[in-house]
Amino acid sequence: MNETIQLGEISILVTRKAIKNVHLSVHPPEGRVTLVAPSGTRLEVARAYAISKLGWIRSQQKKLENQARETPRQFVERESHNLWGRRYLLTVKYHDAKPFLLIDHKRITLTVRPGSDVEKRAEVMHEWHKSLLHDVVPPLIAKWERKAKGESNRLFPATNENQVGKLQ
């Protein structure tokens, strides 16, 4: 059950759960405040607790407000992009053909039609990244499934299909 407490300009979402202690949190990036309280807590008690922590809430919101944020990408020449923990510089080329991307050891080359806007370049990058994940993730899942199966056979040898028939 979710309720809201309004303390001036601060809105606090109150959730009741089967827990023992109260948990007050300020969430990035905009400083949203939540309070999780034990099931039997009255709303007035939760409000009094929030009022007692008002100074802390404001200081946390101020920290989040002053925290450096990543600027929105413009998908322009020499813009830095991170992919799997590595930094790549973007090169934008204009060619009257279907948009595509190439990646080498330090650079991502984005080829788009002349006059394409930021949204179109962002869409091409997003679709490319999505297809890249579709190519990489299934083999990783298969690899970990094989490892997990091998681990389960080592831990529980009687469950191995080859050995089940021998036990009977």
# chains A, B, ... in the order shown; residues from 1 in each chain; ligands from 1
$ residues_around --residues "Asn82 in chain A" --least-positions-apart "5" --cutoff "12 Å" --atoms "only C-alpha atoms" --output "PyMOL selection string"
chain A and resi 70+73+87-90+106-108+129
$ write_last_selection --atoms "N, CA and C atoms" --output "PDB file, in the first residue's frame"
ATOM      1  N   GLU A  70      26.079  13.142 -17.031  1.00  0.00           N
ATOM      2  CA  GLU A  70      26.551  12.963 -18.395  1.00  0.00           C
ATOM      3  C   GLU A  70      25.660  13.778 -19.328  1.00  0.00           C
ATOM      4  N   ARG A  73      23.936  12.934 -25.635  1.00  0.00           N
ATOM      5  CA  ARG A  73      24.765  12.737 -26.826  1.00  0.00           C
ATOM      6  C   ARG A  73      24.172  13.471 -28.023  1.00  0.00           C
ATOM      7  N   ARG A  87      36.406   3.385 -24.254  1.00  0.00           N
ATOM      8  CA  ARG A  87      36.040   4.660 -24.856  1.00  0.00           C
ATOM      9  C   ARG A  87      36.366   4.641 -26.344  1.00  0.00           C
ATOM     10  N   TYR A  88      35.400   5.070 -27.143  1.00  0.00           N
ATOM     11  CA  TYR A  88      35.574   5.162 -28.591  1.00  0.00           C
ATOM     12  C   TYR A  88      35.212   6.570 -29.038  1.00  0.00           C
ATOM     13  N   LEU A  89      35.925   7.079 -30.030  1.00  0.00           N
ATOM     14  CA  LEU A  89      35.593   8.369 -30.619  1.00  0.00           C
ATOM     15  C   LEU A  89      34.702   8.134 -31.832  1.00  0.00           C
ATOM     16  N   LEU A  90      33.697   8.969 -31.976  1.00  0.00           N
ATOM     17  CA  LEU A  90      32.763   8.833 -33.072  1.00  0.00           C
ATOM     18  C   LEU A  90      33.217   9.652 -34.269  1.00  0.00           C
ATOM     19  N   LYS A 106      39.670   1.941 -31.838  1.00  0.00           N
ATOM     20  CA  LYS A 106      39.526   3.196 -31.098  1.00  0.00           C
ATOM     21  C   LYS A 106      38.416   4.102 -31.623  1.00  0.00           C
ATOM     22  N   ARG A 107      37.742   3.682 -32.670  1.00  0.00           N
ATOM     23  CA  ARG A 107      36.816   4.587 -33.333  1.00  0.00           C
ATOM     24  C   ARG A 107      35.546   3.863 -33.772  1.00  0.00           C
ATOM     25  N   ILE A 108      34.415   4.574 -33.651  1.00  0.00           N
ATOM     26  CA  ILE A 108      33.146   4.124 -34.208  1.00  0.00           C
ATOM     27  C   ILE A 108      32.851   5.055 -35.376  1.00  0.00           C
ATOM     28  N   HIS A 129      23.617  -0.984 -31.662  1.00  0.00           N
ATOM     29  CA  HIS A 129      23.979  -1.503 -30.345  1.00  0.00           C
ATOM     30  C   HIS A 129      23.077  -2.673 -29.967  1.00  0.00           C
TER      31      HIS A 129
END
$ select_by_dssp --residues "range 6-123 of chain A" --states "alpha helix (DSSP H)" --output "mmCIF file with C-alpha atoms, in the first residue's frame"
data_model
loop_
_atom_site.group_PDB
_atom_site.id
_atom_site.type_symbol
_atom_site.label_atom_id
_atom_site.label_comp_id
_atom_site.auth_asym_id
_atom_site.auth_seq_id
_atom_site.Cartn_x
_atom_site.Cartn_y
_atom_site.Cartn_z
ATOM 1 C CA LEU A 43 0.977 7.513 8.737
ATOM 2 C CA GLU A 44 1.379 10.182 11.465
ATOM 3 C CA VAL A 45 4.384 8.305 12.906
ATOM 4 C CA ALA A 46 5.955 7.997 9.433
ATOM 5 C CA ARG A 47 5.328 11.723 8.909
ATOM 6 C CA ALA A 48 7.010 12.591 12.232
ATOM 7 C CA TYR A 49 10.007 10.444 11.289
ATOM 8 C CA ALA A 50 10.273 12.151 7.888
ATOM 9 C CA ILE A 51 10.073 15.597 9.528
ATOM 10 C CA SER A 52 12.895 14.636 11.902
ATOM 11 C CA LEU A 54 14.097 16.768 6.759
ATOM 12 C CA GLY A 55 17.578 18.331 7.021
ATOM 13 C CA TRP A 56 19.195 15.095 5.833
ATOM 14 C CA ILE A 57 16.710 14.780 2.939
ATOM 15 C CA ARG A 58 17.438 18.328 1.765
ATOM 16 C CA SER A 59 21.207 17.827 1.983
ATOM 17 C CA GLN A 60 20.962 14.606 -0.055
ATOM 18 C CA GLN A 61 18.808 16.318 -2.676
ATOM 19 C CA LYS A 62 21.306 19.189 -2.854
ATOM 20 C CA LYS A 63 24.158 16.675 -3.385
ATOM 21 C CA LEU A 64 22.248 14.992 -6.208
ATOM 22 C CA GLU A 65 21.427 18.348 -7.790
ATOM 23 C CA ASN A 66 25.094 19.405 -7.758
ATOM 24 C CA VAL A 118 20.370 13.969 -34.172
ATOM 25 C CA GLU A 119 17.354 11.679 -33.684
ATOM 26 C CA LYS A 120 18.164 9.677 -36.821
ATOM 27 C CA ARG A 121 21.842 9.293 -35.826
ATOM 28 C CA ALA A 122 20.759 8.238 -32.323
ATOM 29 C CA GLU A 123 18.323 5.694 -33.790
#
$ atom_distance --atom1 "CA of Glu77 in chain A" --atom2 "CA of Leu132 in chain A"
21.8 Å
$ select_by_dssp --residues "range 60-97 of chain A" --states "strand (DSSP E)" --output "PyMOL selection string"
chain A and resi 80-83+86-94
$ residues_around --residues "Thr15 in chain A" --least-positions-apart "6" --cutoff "8 Å" --atoms "only C-alpha atoms" --output "PDB file with all heavy atoms, in the first residue's frame"
ATOM      1  N   MET A   1       0.843  -1.177   0.000  1.00  0.00           N
ATOM      2  CA  MET A   1       0.000   0.000   0.000  1.00  0.00           C
ATOM      3  C   MET A   1       0.890   1.242   0.000  1.00  0.00           C
ATOM      4  O   MET A   1       1.726   1.430   0.873  1.00  0.00           O
ATOM      5  CB  MET A   1      -0.882  -0.027   1.250  1.00  0.00           C
ATOM      6  CG  MET A   1      -1.786   1.136   1.380  1.00  0.00           C
ATOM      7  SD  MET A   1      -3.074   0.792   2.551  1.00  0.00           S
ATOM      8  CE  MET A   1      -2.688   1.985   3.798  1.00  0.00           C
ATOM      9  N   ASN A   2       0.746   2.077  -1.018  1.00  0.00           N
ATOM     10  CA  ASN A   2       1.549   3.286  -1.151  1.00  0.00           C
ATOM     11  C   ASN A   2       0.720   4.514  -0.817  1.00  0.00           C
ATOM     12  O   ASN A   2      -0.411   4.660  -1.250  1.00  0.00           O
ATOM     13  CB  ASN A   2       2.085   3.421  -2.576  1.00  0.00           C
ATOM     14  CG  ASN A   2       3.108   2.363  -2.906  1.00  0.00           C
ATOM     15  OD1 ASN A   2       3.773   1.848  -2.021  1.00  0.00           O
ATOM     16  ND2 ASN A   2       3.237   2.038  -4.164  1.00  0.00           N
ATOM     17  N   GLU A   3       1.325   5.400  -0.021  1.00  0.00           N
ATOM     18  CA  GLU A   3       0.704   6.671   0.337  1.00  0.00           C
ATOM     19  C   GLU A   3       1.750   7.753   0.146  1.00  0.00           C
ATOM     20  O   GLU A   3       2.938   7.469   0.039  1.00  0.00           O
ATOM     21  CB  GLU A   3       0.234   6.647   1.791  1.00  0.00           C
ATOM     22  CG  GLU A   3      -0.833   5.589   2.055  1.00  0.00           C
ATOM     23  CD  GLU A   3      -1.080   5.372   3.530  1.00  0.00           C
ATOM     24  OE1 GLU A   3      -0.147   4.942   4.214  1.00  0.00           O
ATOM     25  OE2 GLU A   3      -2.197   5.661   3.972  1.00  0.00           O
ATOM     26  N   THR A  34      11.677   8.211  -0.874  1.00  0.00           N
ATOM     27  CA  THR A  34      10.799   7.106  -0.479  1.00  0.00           C
ATOM     28  C   THR A  34      11.057   6.763   0.978  1.00  0.00           C
ATOM     29  O   THR A  34      12.168   6.917   1.474  1.00  0.00           O
ATOM     30  CB  THR A  34      11.034   5.848  -1.336  1.00  0.00           C
ATOM     31  OG1 THR A  34      12.383   5.423  -1.190  1.00  0.00           O
ATOM     32  CG2 THR A  34      10.714   6.094  -2.795  1.00  0.00           C
ATOM     33  N   LEU A  35      10.013   6.296   1.630  1.00  0.00           N
ATOM     34  CA  LEU A  35      10.113   5.857   3.019  1.00  0.00           C
ATOM     35  C   LEU A  35       9.399   4.497   3.092  1.00  0.00           C
ATOM     36  O   LEU A  35       8.227   4.402   2.736  1.00  0.00           O
ATOM     37  CB  LEU A  35       9.441   6.862   3.943  1.00  0.00           C
ATOM     38  CG  LEU A  35       9.628   6.608   5.436  1.00  0.00           C
ATOM     39  CD1 LEU A  35       9.902   7.919   6.137  1.00  0.00           C
ATOM     40  CD2 LEU A  35       8.440   5.944   6.049  1.00  0.00           C
ATOM     41  N   VAL A  36      10.136   3.470   3.487  1.00  0.00           N
ATOM     42  CA  VAL A  36       9.551   2.142   3.652  1.00  0.00           C
ATOM     43  C   VAL A  36       9.450   1.896   5.147  1.00  0.00           C
ATOM     44  O   VAL A  36      10.446   1.977   5.875  1.00  0.00           O
ATOM     45  CB  VAL A  36      10.410   1.059   2.969  1.00  0.00           C
ATOM     46  CG1 VAL A  36       9.756  -0.303   3.106  1.00  0.00           C
ATOM     47  CG2 VAL A  36      10.635   1.394   1.507  1.00  0.00           C
ATOM     48  N   ALA A  37       8.234   1.605   5.619  1.00  0.00           N
ATOM     49  CA  ALA A  37       7.982   1.470   7.052  1.00  0.00           C
ATOM     50  C   ALA A  37       7.356   0.101   7.345  1.00  0.00           C
ATOM     51  O   ALA A  37       6.771  -0.521   6.462  1.00  0.00           O
ATOM     52  CB  ALA A  37       7.049   2.580   7.511  1.00  0.00           C
TER      53      ALA A  37
END
$ residues_around --residues "range 96-105 of chain A" --least-positions-apart "2" --cutoff "9 Å" --atoms "only C-alpha atoms" --output "PyMOL selection string"
chain A and resi 88+94+107-114+121+124-125+128
